[in-house]
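The next block is my_file31.txt, given as compact mmCIF, C-alpha atoms and all ligand atoms.
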```txt
# COMPACT_ATOMS: atom_id res chain seq x y z
CA MET A 1 36.90 38.21 104.13
CA ALA A 2 40.68 37.99 103.83
CA LYS A 3 41.69 37.46 107.45
CA PRO A 4 44.93 35.69 108.48
CA ILE A 5 44.88 32.02 109.46
CA TYR A 6 46.17 31.09 112.91
CA MET A 7 47.32 27.50 113.03
CA MET A 8 47.56 25.62 116.33
CA CYS A 9 48.68 22.04 116.76
CA ALA A 10 48.49 19.82 119.84
CA ALA A 11 51.92 18.67 121.06
CA ASN A 12 51.09 14.99 120.52
CA VAL A 13 50.32 15.32 116.79
CA ALA A 14 52.90 13.73 114.49
CA PRO A 15 55.03 16.55 113.00
CA TYR A 16 54.51 15.23 109.45
CA LEU A 17 50.74 15.68 109.88
CA HIS A 18 51.24 19.21 111.17
CA GLU A 19 53.18 19.84 107.94
CA ALA A 20 50.41 18.18 105.92
CA VAL A 21 47.82 20.62 107.26
CA LYS A 22 50.16 23.55 106.59
CA ASP A 23 50.43 22.31 103.01
CA ALA A 24 46.64 22.04 102.75
CA VAL A 25 46.24 25.63 103.97
CA GLN A 26 48.68 26.87 101.32
CA MET A 27 46.93 24.73 98.72
CA ILE A 28 43.45 26.17 99.30
CA ILE A 29 44.74 29.75 99.48
CA GLY A 30 46.43 29.15 96.13
CA GLU A 31 43.31 27.55 94.62
CA VAL A 32 41.19 30.60 95.39
CA GLY A 33 43.95 33.02 94.37
CA TYR A 34 44.44 34.60 97.79
CA GLU A 35 48.20 33.92 98.19
CA ASN A 36 48.94 37.57 98.84
CA LEU A 37 45.84 38.34 100.89
CA ILE A 38 45.57 35.55 103.47
CA LYS A 39 48.62 35.15 105.70
CA THR A 40 49.24 31.99 107.71
CA ILE A 41 50.66 32.23 111.21
CA ASP A 42 51.76 28.83 112.50
CA LEU A 43 51.65 28.89 116.29
CA GLY A 44 52.24 25.15 116.71
CA ALA A 45 51.82 23.91 120.29
CA TRP A 46 52.01 27.47 121.58
CA SER A 47 51.88 28.93 125.08
CA ASP A 48 51.96 32.52 126.32
CA PRO A 49 54.15 33.67 129.21
CA GLY A 50 52.39 32.87 132.49
CA TYR A 51 50.23 30.19 130.94
CA ILE A 52 50.37 28.20 134.18
CA LEU A 53 49.87 29.98 137.51
CA ASP A 54 50.04 27.94 140.73
CA GLY A 55 49.66 24.78 138.67
CA VAL A 56 46.52 26.04 136.93
CA TYR A 57 46.38 26.43 133.17
CA GLN A 58 45.20 29.96 132.39
CA LYS A 59 42.25 30.46 130.05
CA TYR A 60 43.11 30.86 126.35
CA LYS A 61 46.84 31.03 127.15
CA SER A 62 48.10 27.83 125.61
CA MET A 63 47.23 25.04 123.20
CA ASP A 64 47.26 22.75 126.26
CA TRP A 65 44.50 24.82 127.87
CA TYR A 66 42.28 24.47 124.79
CA ILE A 67 42.66 20.69 124.89
CA LEU A 68 42.41 20.30 128.68
CA ALA A 69 39.38 22.58 128.96
CA THR A 70 37.68 20.76 126.07
CA LYS A 71 38.36 17.42 127.77
CA HIS A 72 36.98 18.80 131.02
CA TYR A 73 33.64 19.76 129.44
CA SER A 74 33.34 16.75 127.10
CA GLU A 75 30.78 14.13 128.10
CA ARG A 76 32.51 11.08 126.68
CA GLU A 77 35.43 9.33 128.30
CA ASN A 78 37.87 8.86 125.42
CA GLN A 79 36.75 11.51 122.94
CA ILE A 80 36.71 15.28 122.93
CA ASP A 81 33.66 17.32 121.94
CA ALA A 82 34.77 19.21 118.82
CA GLY A 83 31.87 21.64 119.27
CA ILE A 84 33.29 22.82 122.58
CA LEU A 85 36.74 23.34 121.06
CA LEU A 86 35.29 25.27 118.12
CA ASN A 87 33.29 27.36 120.56
CA PHE A 88 36.51 28.31 122.37
CA CYS A 89 37.73 29.68 119.02
CA GLN A 90 34.61 31.79 118.83
CA THR A 91 35.12 33.21 122.33
CA GLU A 92 38.89 33.91 122.12
CA PRO A 93 39.30 37.33 123.71
CA TRP A 94 41.78 38.55 121.07
CA ARG A 95 39.43 37.69 118.20
CA ILE A 96 37.86 41.16 118.52
CA ASP A 97 41.12 43.06 117.88
CA HIS A 98 42.65 40.41 115.63
CA PRO A 99 40.05 38.88 113.30
CA HIS A 100 41.34 35.56 111.98
CA TYR A 101 40.49 32.01 111.00
CA ASP A 102 41.56 29.21 113.34
CA VAL A 103 43.02 25.94 112.12
CA ILE A 104 43.41 23.49 115.00
CA LEU A 105 44.94 20.06 114.67
CA VAL A 106 44.51 17.47 117.43
CA ALA A 107 45.46 13.82 117.96
CA ASP A 108 42.45 12.98 120.15
CA ASP A 109 39.40 11.25 118.76
CA MET A 110 36.47 13.69 118.48
CA TYR A 111 32.67 13.59 118.57
CA TYR A 112 30.00 16.14 117.82
CA GLN A 113 26.38 16.05 118.92
CA LYS A 114 25.05 12.51 118.36
CA ASN A 115 27.79 11.34 115.97
CA SER A 116 29.82 8.38 117.18
CA PHE A 117 32.93 10.21 115.98
CA ILE A 118 33.98 12.96 113.59
CA ILE A 119 37.25 13.66 111.79
CA GLY A 120 36.72 17.38 111.28
CA LEU A 121 34.43 20.27 112.17
CA SER A 122 34.15 23.75 110.70
CA GLY A 123 32.43 27.04 111.38
CA LEU A 124 31.70 29.37 108.48
CA GLY A 125 34.13 32.28 108.64
CA LEU A 126 35.49 30.95 111.94
CA GLY A 127 37.80 27.98 111.58
CA ILE A 128 38.31 24.25 111.63
CA ILE A 129 39.21 21.45 114.00
CA VAL A 130 40.84 18.37 112.46
CA SER A 131 41.62 15.13 114.26
CA THR A 132 44.31 12.76 113.02
CA TYR A 133 43.01 9.89 115.18
CA ARG A 134 40.95 7.88 112.65
CA PHE A 135 43.77 7.81 110.08
CA MET A 136 46.65 6.60 112.23
CA ASP A 137 46.37 2.96 111.14
CA LEU A 138 47.10 3.88 107.52
CA PRO A 139 50.59 3.92 106.00
CA GLN A 140 52.27 7.28 106.65
CA GLN A 141 51.92 8.62 103.11
CA GLU A 142 48.18 7.88 103.12
CA GLN A 143 47.79 9.54 106.52
CA ILE A 144 49.46 12.65 105.11
CA GLU A 145 47.32 12.85 101.99
CA CYS A 146 44.04 11.99 103.79
CA ILE A 147 44.62 14.63 106.48
CA LYS A 148 45.27 17.18 103.71
CA THR A 149 41.95 16.18 102.14
CA VAL A 150 40.10 16.58 105.46
CA ALA A 151 41.68 20.00 106.09
CA LEU A 152 40.83 21.15 102.54
CA HIS A 153 37.24 19.92 102.97
CA GLU A 154 36.73 21.71 106.28
CA LEU A 155 38.40 24.91 105.07
CA GLY A 156 36.10 24.77 102.05
CA HIS A 157 33.16 25.00 104.46
CA VAL A 158 34.85 27.90 106.30
CA PHE A 159 35.23 29.80 103.02
CA GLY A 160 31.59 29.26 102.09
CA ALA A 161 32.23 26.92 99.13
CA ILE A 162 28.66 25.64 99.20
CA HIS A 163 26.50 28.72 99.68
CA SER A 164 22.86 28.41 100.61
CA LYS A 165 21.55 29.37 97.16
CA ARG A 166 23.56 26.80 95.25
CA ILE A 167 21.40 24.17 93.56
CA GLN A 168 24.03 22.70 91.21
CA ALA A 169 25.68 19.44 92.38
CA VAL A 170 24.76 19.65 96.06
CA GLU A 171 23.27 17.23 98.54
CA ASP A 172 22.29 17.44 102.17
CA LYS A 173 24.28 14.78 103.97
CA LEU A 174 25.25 15.91 107.46
CA GLY A 175 25.41 19.45 106.10
CA ARG A 176 25.49 20.68 102.52
CA HIS A 177 28.05 18.89 100.38
CA CYS A 178 29.20 18.81 96.80
CA THR A 179 28.50 15.87 94.50
CA ASN A 180 31.20 16.65 91.92
CA VAL A 181 34.64 15.03 91.94
CA CYS A 182 35.75 17.39 94.68
CA VAL A 183 37.04 17.25 98.29
CA LEU A 184 33.76 18.83 99.41
CA ARG A 185 31.92 15.58 98.91
CA GLN A 186 30.70 13.98 102.11
CA GLY A 187 32.58 10.90 103.29
CA LEU A 188 30.69 8.93 105.90
CA VAL A 189 32.82 5.78 105.82
CA VAL A 190 36.19 6.53 107.40
CA PRO A 191 38.84 6.07 106.18
CA ARG A 192 37.50 4.42 102.98
CA ASP A 193 35.62 7.40 101.48
CA TRP A 194 38.47 9.74 102.35
CA LEU A 195 41.03 7.49 100.70
CA GLN A 196 38.88 7.57 97.56
CA MET A 197 38.50 11.35 97.64
CA THR A 198 42.23 11.64 98.22
CA LYS A 199 42.98 9.40 95.24
CA ASP A 200 40.69 11.55 93.07
CA ARG A 201 42.34 14.73 94.35
CA VAL A 202 45.89 13.52 93.73
CA ARG A 203 45.04 12.05 90.32
CA SER A 204 43.25 15.15 89.03
CA GLY A 205 45.58 17.64 90.70
CA ARG A 206 42.45 19.66 91.51
CA PRO A 207 41.09 19.51 95.04
CA PHE A 208 37.94 21.55 94.30
CA CYS A 209 35.44 21.64 91.46
CA ASP A 210 34.67 24.89 89.61
CA GLU A 211 31.43 25.47 91.54
CA CYS A 212 33.14 25.19 94.93
CA ILE A 213 36.00 27.48 93.81
CA ALA A 214 33.44 30.01 92.60
CA GLY A 215 31.57 29.76 95.92
CA MET A 216 34.74 30.44 97.92
CA ARG A 217 35.83 33.38 95.73
CA ARG A 218 32.36 34.85 96.11
CA TYR A 219 32.42 34.44 99.90
CA LEU A 220 36.00 35.73 100.34
CA GLY A 221 35.31 38.68 98.08
CA GLN A 222 32.42 39.92 100.21
ZN ZN Z 1 31.64 18.58 105.29
ZN ZN Z 2 32.79 20.85 94.75
```

Can the structure in the file be given as C-alpha cells, please?
Amino acid sequence: MAKPIYMMCAANVAPYLHEAVKDAVQMIIGEVGYENLIKTIDLGAWSDPGYILDGVYQKYKSMDWYILATKHYSERENQIDAGILLNFCQTEPWRIDHPHYDVILVADDMYYQKNSFIIGLSGLGLGIIVSTYRFMDLPQQEQIECIKTVALHELGHVFGAIHSKRIQAVEDKLGRHCTNVCVLRQGLVVPRDWLQMTKDRVRSGRPFCDECIAGMRRYLGQ
C-alpha cells in the first residue's frame, strides 16, 4: 500500500545519520519505482504544542515522549526495548485517520526479546526502528553507509520483500532473510557483516536483488 512515510529522529542522533536514513528512504522508494506514490514527511525531533503539561510529557505528543515512555517500560538498564517503541507506532491515535509508515531513528542501544542487542526492528506494513549505537565507533563515512544499509534492510521487511511463499534464495535466520548479494541478508556479527553488506551494496550500486524488488512491488501493489 502506498502510504506516506513519517520520519522521526531522536534529538541526540548525529545529524549526518539522520540525513543518511533520509537518503535510504529515498533510495528504496526509487528502487521499487514509487517516487511519485510514497511521500516522505520528515518530522525530526518533533513536538506538538502542549507536549509538556505540568512537567509531564503528554502521550504521543513528542519524539521525547516516545523515547522516555519506551525507557520507562524497558526492563534493561542501558538499553531500550525496540518492541515497545514499535508497539507505540502501532497504537498512535492518528494512525487511523492518517495511515502511514513510521521510520524512527534513535541513538540508544536497543534489545528485543532475548537478543543481547539489536540494530533495527521492523513491522510489516508498519515501520522501522533503527539504532545508530553499535556503529558509532566506525569512521564517519562507514557509519553513514552502514546505517543506510540497516534502514534499507528494515524497510525491505516493511515492504514485504521476502513474502511467505518465496522459496528462492531464502533462509530462516532470526526471521526470513535473503541469501543473494542483497541488503536483506541477515547480519549477525555487528558491525562486521554490515560493513560487508555495505561494501557489496556500494560496489554493485544495487541494494536489493531482483527477487526482493519483485517481492516489494508485489506487496506495495496490493
Ligand atoms: Zn532482517
Ligand atoms: Zn534479496

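Across the structure, atom CA of A:Leu43 and atom CA of A:Tyr101 are spaced 12.7 Å apart.
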
*Pick out the residues sitting within 9 Å of stretch 192-195 of chain A, and hand them over as a ChimeraX atom specification; count only C-alpha atoms, and ignore anything fewer than 5 positions along from it in its own chain.*
/A:142,145-147,149-150,183,186-187,200

List as a compact mmCIF listing (two decimals) with C-alpha atoms, keeping the file's coordinate frame the protein and nucleic acid residues lying within 8 Å of ligand ZN 2 (chain Z), with all atoms listed in the file counted.
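Result file part-v3.txt:
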```txt
# COMPACT_ATOMS: atom_id res chain seq x y z
CA ALA A 161 32.23 26.92 99.13
CA ILE A 162 28.66 25.64 99.20
CA ALA A 169 25.68 19.44 92.38
CA HIS A 177 28.05 18.89 100.38
CA CYS A 178 29.20 18.81 96.80
CA THR A 179 28.50 15.87 94.50
CA ASN A 180 31.20 16.65 91.92
CA VAL A 181 34.64 15.03 91.94
CA CYS A 182 35.75 17.39 94.68
CA VAL A 183 37.04 17.25 98.29
CA LEU A 184 33.76 18.83 99.41
CA ARG A 185 31.92 15.58 98.91
CA PHE A 208 37.94 21.55 94.30
CA CYS A 209 35.44 21.64 91.46
CA ASP A 210 34.67 24.89 89.61
CA GLU A 211 31.43 25.47 91.54
CA CYS A 212 33.14 25.19 94.93
CA ILE A 213 36.00 27.48 93.81
```

*asked:* One decimal, in Å: what's the spacing between atom CA of A:Tyr16 and atom CA of A:Leu105?
replied: 11.9 Å

*What residues have an atom no more than 12 Å from (42.1, 35.9, 119.0) in the file's own frame, counting all atoms listed in the file, and can you write them as a PyMOL selection string?*
chain A and resi 3-8+60-61+88-102+126-127

*Could you check how far atom CA of A:Gln26 sits from atom ZN of ligand ZN 1 (chain Z), in Å to one decimal?*
19.4 Å

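Comparing the minimum interatomic distances between ligand ZN 1 (chain Z) and each of A:Gly125, A:Gly30, A:Pro49, A:Gly156, counting all atoms listed in the file, we find that A:Gly156 sits nearest.
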
*Go through A:His163, A:Gly120, A:Ser47, A:Arg218 one by one, measure the shortest atom-to-atom distance of each to ligand ZN 1 (chain Z) using all atoms listed in the file, and give the residue with the smallest value.*
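Closest residue, counting all atoms listed in the file: A:Gly120.
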
*Measuring atom to atom with all atoms listed in the file, identify which of A:Arg206, A:Asn12, A:Leu152, A:Lys39 is nearest to A:Tyr133.*
A:Asn12

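Remark: for ligand ZN 1 (chain Z), the closest of the candidate residues A:Asp64, A:Glu154, A:Asp172, A:Glu19 is A:Glu154 (distances computed over only C-alpha atoms and all ligand atoms).
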